[in-house]
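What follows is a single structure, written as structure tokens, with notes after it.
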Amino acid sequence: MSAPLLSVEHLSKSYGGVKAVQDVSFSLDRGELLVLIGPNGAGKSTCFNMLNGQVKAESGTIRIDGRDTTRLDPRRVWKLGVGRTFQITATFASMSVRENVQVGLLARHGALARMVGFAGRAHTKEADQLLELVGMREAAERPSGELAYGDLKRLELAVALSNEPSLLLMDEPTAGMAPTDRVELMRLAAEIARSRRIGILFTEHDMDVVFEHADRIMVLDRGQIIATGTPQSVRQDPKVRAVYLGEGHLYRPAPAGAAA
Amino acid sequence: MDFLAVQFLTGLAGASSLFLVASGLSIIFGVTRIVNFAHGAFYMLGAYIAYSLTERWSGALGFWGGLIAAALAVAVIGALVEIVLLRRIYRAPELFQLLATFGVTLVVQDLSVIIWGPEDLVGRRAPGFRHSVEILGQSVPSYDLLLIALGPLVLASIWLLFHRTRFGVLVRAATQDRDMVAALGVNQRWLFTGVFALGVFLAALGGALQLPRDAVSHTMDLRIIVEVFVVVVIGGLGSVGGAYLAALLVSELNAFGILIMPTISLVVVFLVMAIVLVVRPHGLFGKPEGPPRATPNALIRPWRPFSRNEQIAVAIAVLAAALLPLVAGSYVLSVGTEIFIVALFAASLQLIMSAGGIASFGHAAYFGLGAYGAALAAKSLALPFPAALAAGVALGAAGAAIFGWFCVRLSGVYFAMLTLAFAQIAWSIAFQWTSVTGGDNGLLGIWPPSWAANPAVFYWIALGLAVFGVAAIRAITFSPFGYALRAVRDSALRAESIGIGRRGVQWTAFVVAGAFAALAGAMFAYLKGSVFPDNLGIPLSVDGLVMVLLGGVETVSGAVVGAIVYRALSIVLMSQTDYSKLVLGLFIVTLVVAFPRGIVGSLQGLVPRLRGRAAAPMGHTALRPAE
Amino acid sequence: MRTGSVWVAALAATAAFGAAAPAALAQQGEIKIGEINSYSGLPAFTEPYRKGWQLAVEEVNKAGGINGKKLVVISKDDGGKPADAVTAANELLSRDKVDMLAGAFFSHVGLALADFAKQKQVFYLAGEPLTDAMVWSAGNKYTFRLRPSNYMQAAMLAEEAAKLPAKKWATIAPNYEYGQSAVTVFKQLLSAKRPDIEWVGEQWPPQGKIDAGPVVQAVAAMKPEAILNVTFGPDLVKLVREGNSRGLFKDRSVVSFLTGEPEYIDPLKEETPEGWIVTGYPWDSVKTPEHDAFLKAYQAKFNDYPRLGSVVGYALIKSAAAIMAKAGSTDTEKMIAAARGLDFDTPFGKSSFRAVDHQATLGAFVGKTGVRDGRGVMVDPVYRDGAKYLPSDEEVKKMRPQS
């Protein structure tokens, strides 16, 4: 029980000589909302992709519930109870909102190899509960291909939750959203983390958005962690100030879809 | 030794000829993503028009001027085809342009027979290049030397055009990111037209240049089209340099291959392609394709099973079909039987194309394996009819399992072309392994037993199997597995992050589709009484694609309608006219313009629009911010 | 509209067929032959062929028809595919109620039709297909074949080839059954006559897709004294052009299947190689009364000269008429009985259907190629009667399936 939910030690990765992530170490507990911030190109997405096995780490170790997952592929990592959302939304555009969640639920129940039975009638109740949770119950019948951006993000969250994850990775979930939506999504994430005892790791450009809800903040710059701590302490950190030039509203959101 | 050097030169000349045509195809595909099936038709038109011009114009100037003028004339025709036809369907689902260009090919084939007559035409020899030169004691035609020089020259010209002109820079930008070019304020429409005309010019020039060494005939187009596709894919899509290297590889391997194994020509290009793609999934110089155009985005209404009313309508239709033998004669029944079989084949292809999002260019392989499996089981093992059908299915599924295992490692057009390569390898085995398959004389005497020989009984069996097959494919589409398949198609990334592996799912679907295609093939063998290698040939694979696209690739079972329309029309036209290709081609072109989402797809789209007027307007397709 | 309409459409389509069917109002005064050929796929050959049979139909009817009934030929396209040929045969048989099937060009199409004929117990008279299997290994009671087969052509050419001094032979043939069996039979017959002959190599380009340069170069490297060619059509043109420019045919004897047929020699024009020993049809130098009559009638009707296909089409219908006239009926069994051993007239003279294997004894012309007035011709053509180039009845009986 003493082992943290997620522990990362000395994680590194470089692309063609450029060190994207350099000796990154941190840990995350159940029920905790940890936010990883940093400017574009700081290595946030690379870091993320290593955590769920999308990208293979060069060195360092990743442990989830004490188990070494450094070399596992995304499907194995998922089976250990890790859900994730993507920076550029990735939903199943040809399906309705509910069906997206149903696929997640079917996957969780290991039922996706079955060639009999209507998938559209499987786990409807559970799917609707998850949609309720993210505030998308009303849109359950709508084709996900025609959702507005903020709704897509919520849907992704619901799909990620369908696995009853113990760890949830959310890559810039608020990018491209209207300010009110962002705060709302943050609040939702924090609530889910606490009520479901899920550890959530979040990346974000904009510190203001996360300030109220994050338990801890980690600042990444040029592949290295330059500060970790409570929102308050991070905000005061001179190194962080140096990275995010200027005071006050330091954090200009990047345009949607820009690579981090 | 001298001989080998000269053989190498000969291979080089062949490479240049191939490259000219392939480079045009590569450029067109790179920018417009059109799988231009009509490229061979433009090549052939180049040769025919060059023939007519050079027969009229005399002298060296007349000859060379004739070749260039022919290529320019065909480029204009190409531009017209682009403006009149292709422009209308750029927004259509991917590969739909294949259907349009296929229609154009059919039209051109018959038109060239009407205009230039059925006989092979032998054009003039090139002035100044009539004779041969002695190289290392061997005669080499001087025209070969000209071609050898021309290949690199054209390659260099294309390079200069692409790197030193504004047009070229735009073309390269468009190859990488078409939307970006639109954002730059460039008139994308004319850029596409220009690129298409350029590609067609190169194809026509390639055809015209064959005048002094080949006969001009109305089969030239099909002779070259598959080969140039292979060259483009081996080289890597959109890579002109890669196309040259691939042409070189293919031509030289053929030139030297026939010294060791004189029968190798039949299959050499496909062997090379299969090996290259297995080792390098994006060809020699290709880069991973960007995400495919967001076809699913265009699909506003998610698929759903039949409603109560629709179920009743289908049941009535099946019942009516089942009652047909009460009124129809045996010919109508045999045509009906054939249509059911072909519909099952098309439906099986639709499973992987629509739900799976992976287009197979070689689906006939599994149809053919089913036919051969059944025929061999009946002939060699003397198995009864039902057991022979099962044997056919088993062979088809086994073939799909083996070939599919390699194919699902690839994606997009590379996937499609690898399926084609395997299909051609299977075809050449059926063609060459005379002791088992009977070679091109086929296997004869595969008739149903007396209890099933009556046309009405056989019709009912075919109807039953087709209804069962199509229903099963539909059920699979709506089953959890079908959702997994669509999930992988819509977003492999997301699918993987919730534990769905792309390859495993696609491979399973490939095998299932192969098994149903094989069932259709096995029935076909018993319908026709014989099996021939063309049961797994490219034309049948193309027919499959055409039927799926015609029905609507965004539908669940539109292929069934596509198959009925296409096959019934082909049979009627074959029976009634010698110019069936012309009529069929015009029909397809018209359909493409009238129903840019396929017949069923377009009609489906119409229903909500009509309803939408009465009720509150449906939410319009929201553009996803990533685009 | 959803997939439900699929079946509705199916019904509509099939209903259309039904409605279009002329309900088989078989007129009492007609005899119908259902004819199938690759009209859309091979117009170069099938256009003259069609003219040939049209002329024959006209002549038969002008002479009072068959047993007082008018002869009607219903013609269908097979698109070069055996499966489509079977569809067409089905239509002819069950909708048009034809009394006999005839036609085909490709061997595999012919074999599919022969097997169909056997299954449906209907008379099938094959015109063009050359494969030996047609009348031997896959032969059946219902199938007769008109044109001199692969074996016969090989035998005619081997006879000439044996007279040549050449000892080292190479072969070039399209890589499919026709090419393969042509080479096999030719080799076997020539080696039997000339055991001293050595076969130094072979090339098998794919049919229709010859890469002629490397093939010519490869054959030259074998240093043969003589070459057997089986390619035809565009492949032949490419081979001749590459061979001429690379000097392959210089000081070498060439024996070539079918090259003397106008269909194949005419396109070559002044590039026709000289001195090749070929089978073919020199339409302007055949001076027999039968041929003169045919030639005159043909030219008068079509204002064109006949090709070999014209002769085949013409003789096909003439022989069919002779069979039906002798049978005095269109009953299949009676027609088979009548056809066995039947003598009939052709533009090449008298011919007959052998009782043992249903092969006609129609022959071919053997001669040498040459160029006259810028066009390719056959020099010194001699007609070889097919009867003399067939194996004995005993050998044939062993090859035919016992059924």
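Residues in the structure tokens are numbered from 1 in each chain, the chains being A, B, ... in the order shown, and ligands are numbered from 1 in the order shown.
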
Item to complete: Could you give me, as number ranges by chain, each residue of region 315-387 of chain B that DSSP assigns to alpha helix (DSSP H) when run on this structure's backbone?
Response: B: 315-323, 330-350, 364-379, 385-387

Practice prompt. Would you give me, as a PyMOL selection string, the residues of chain B that come within 7 Å of chain C, using only C-alpha atoms?
Written response: chain B and resi 7+10-11+118-122+131-132+139-141+213-215+223+255+259+262-263+265-266+310+313-314+317-318+321+328+330-332+336+439-441+444-445+528-530+557-558+560-561+564+568+574-575+578-579+600+603-604

Residues near Arg76 (chain A), cut-off 10 Å, only C-alpha atoms, skip fewer than 2 positions along chain, as a PDB file with N, CA and C atoms, in the first residue's frame:
ATOM      1  N   ASN A  52       2.043   5.694 -21.281  1.00  0.00           N
ATOM      2  CA  ASN A  52       1.085   4.649 -21.664  1.00  0.00           C
ATOM      3  C   ASN A  52       1.630   3.713 -22.744  1.00  0.00           C
ATOM      4  N   GLY A  53       2.929   3.820 -22.994  1.00  0.00           N
ATOM      5  CA  GLY A  53       3.555   2.821 -23.855  1.00  0.00           C
ATOM      6  C   GLY A  53       3.519   3.153 -25.330  1.00  0.00           C
ATOM      7  N   THR A  69       6.266  -1.048 -15.919  1.00  0.00           N
ATOM      8  CA  THR A  69       5.537  -1.044 -17.195  1.00  0.00           C
ATOM      9  C   THR A  69       6.356  -0.375 -18.295  1.00  0.00           C
ATOM     10  N   ARG A  71       8.408  -1.214 -20.499  1.00  0.00           N
ATOM     11  CA  ARG A  71       8.529  -1.801 -21.840  1.00  0.00           C
ATOM     12  C   ARG A  71       7.183  -2.271 -22.400  1.00  0.00           C
ATOM     13  N   LEU A  72       6.122  -2.046 -21.707  1.00  0.00           N
ATOM     14  CA  LEU A  72       4.840  -2.592 -22.166  1.00  0.00           C
ATOM     15  C   LEU A  72       4.232  -1.743 -23.276  1.00  0.00           C
ATOM     16  N   ASP A  73       3.460  -2.412 -24.148  1.00  0.00           N
ATOM     17  CA  ASP A  73       2.785  -1.649 -25.199  1.00  0.00           C
ATOM     18  C   ASP A  73       1.465  -1.087 -24.657  1.00  0.00           C
ATOM     19  N   PRO A  74       0.844  -0.150 -25.383  1.00  0.00           N
ATOM     20  CA  PRO A  74      -0.318   0.561 -24.844  1.00  0.00           C
ATOM     21  C   PRO A  74      -1.445  -0.371 -24.398  1.00  0.00           C
ATOM     22  N   TRP A  78      -2.987  -0.411 -20.745  1.00  0.00           N
ATOM     23  CA  TRP A  78      -4.416  -0.194 -20.551  1.00  0.00           C
ATOM     24  C   TRP A  78      -5.006  -1.253 -19.627  1.00  0.00           C
ATOM     25  N   LYS A  79      -4.534  -2.490 -19.818  1.00  0.00           N
ATOM     26  CA  LYS A  79      -5.092  -3.577 -19.008  1.00  0.00           C
ATOM     27  C   LYS A  79      -4.757  -3.413 -17.533  1.00  0.00           C
ATOM     28  N   LEU A  80      -3.683  -2.696 -17.257  1.00  0.00           N
ATOM     29  CA  LEU A  80      -3.330  -2.463 -15.854  1.00  0.00           C
ATOM     30  C   LEU A  80      -4.159  -1.338 -15.252  1.00  0.00           C
ATOM     31  N   GLY A  81      -5.067  -0.791 -16.034  1.00  0.00           N
ATOM     32  CA  GLY A  81      -5.958   0.230 -15.491  1.00  0.00           C
ATOM     33  C   GLY A  81      -5.469   1.637 -15.727  1.00  0.00           C
ATOM     34  N   VAL A  82      -4.994   1.904 -16.916  1.00  0.00           N
ATOM     35  CA  VAL A  82      -4.582   3.260 -17.252  1.00  0.00           C
ATOM     36  C   VAL A  82      -5.463   3.757 -18.400  1.00  0.00           C
TER      37      VAL A  82
ATOM     38  N   GLU B 496      -6.125   1.641 -29.600  1.00  0.00           N
ATOM     39  CA  GLU B 496      -5.027   0.991 -28.910  1.00  0.00           C
ATOM     40  C   GLU B 496      -5.005   1.379 -27.432  1.00  0.00           C
ATOM     41  N   SER B 497      -5.361   2.618 -27.164  1.00  0.00           N
ATOM     42  CA  SER B 497      -5.305   3.071 -25.773  1.00  0.00           C
ATOM     43  C   SER B 497      -6.438   2.473 -24.939  1.00  0.00           C
ATOM     44  N   ILE B 498      -7.423   1.857 -25.592  1.00  0.00           N
ATOM     45  CA  ILE B 498      -8.388   1.113 -24.782  1.00  0.00           C
ATOM     46  C   ILE B 498      -8.252  -0.380 -25.062  1.00  0.00           C
ATOM     47  N   GLY B 499      -7.082  -0.772 -25.488  1.00  0.00           N
ATOM     48  CA  GLY B 499      -6.770  -2.196 -25.528  1.00  0.00           C
ATOM     49  C   GLY B 499      -7.171  -2.933 -26.779  1.00  0.00           C
TER      50      GLY B 499
END

Discussion item. So that I can see what lies close to Leu369 (chain B), please list as JSON, numbers by chain the residues with an atom at most 8 Å from it, counting only C-alpha atoms and leaving out residues fewer than 4 positions away in the same chain.
Written reply: {"B": [365, 373, 392, 395, 396, 399, 518, 521, 536]}

Atoms to include: C-alpha atoms. Write the selected residues as a tab-separated table (two decimals), in the first residue's frame.
chain	number	residue	atom	x	y	z
B	365	ALA	CA	-7.81	-14.29	-54.64
B	373	GLY	CA	-10.72	-25.57	-53.26
B	392	GLY	CA	-13.45	-24.21	-50.73
B	395	LEU	CA	-8.89	-23.00	-48.59
B	396	GLY	CA	-10.03	-19.41	-49.03
B	399	GLY	CA	-5.18	-18.19	-47.95
B	518	ALA	CA	-14.46	-18.25	-50.84
B	521	GLY	CA	-16.25	-18.67	-55.28
B	536	LEU	CA	-8.70	-15.02	-59.07
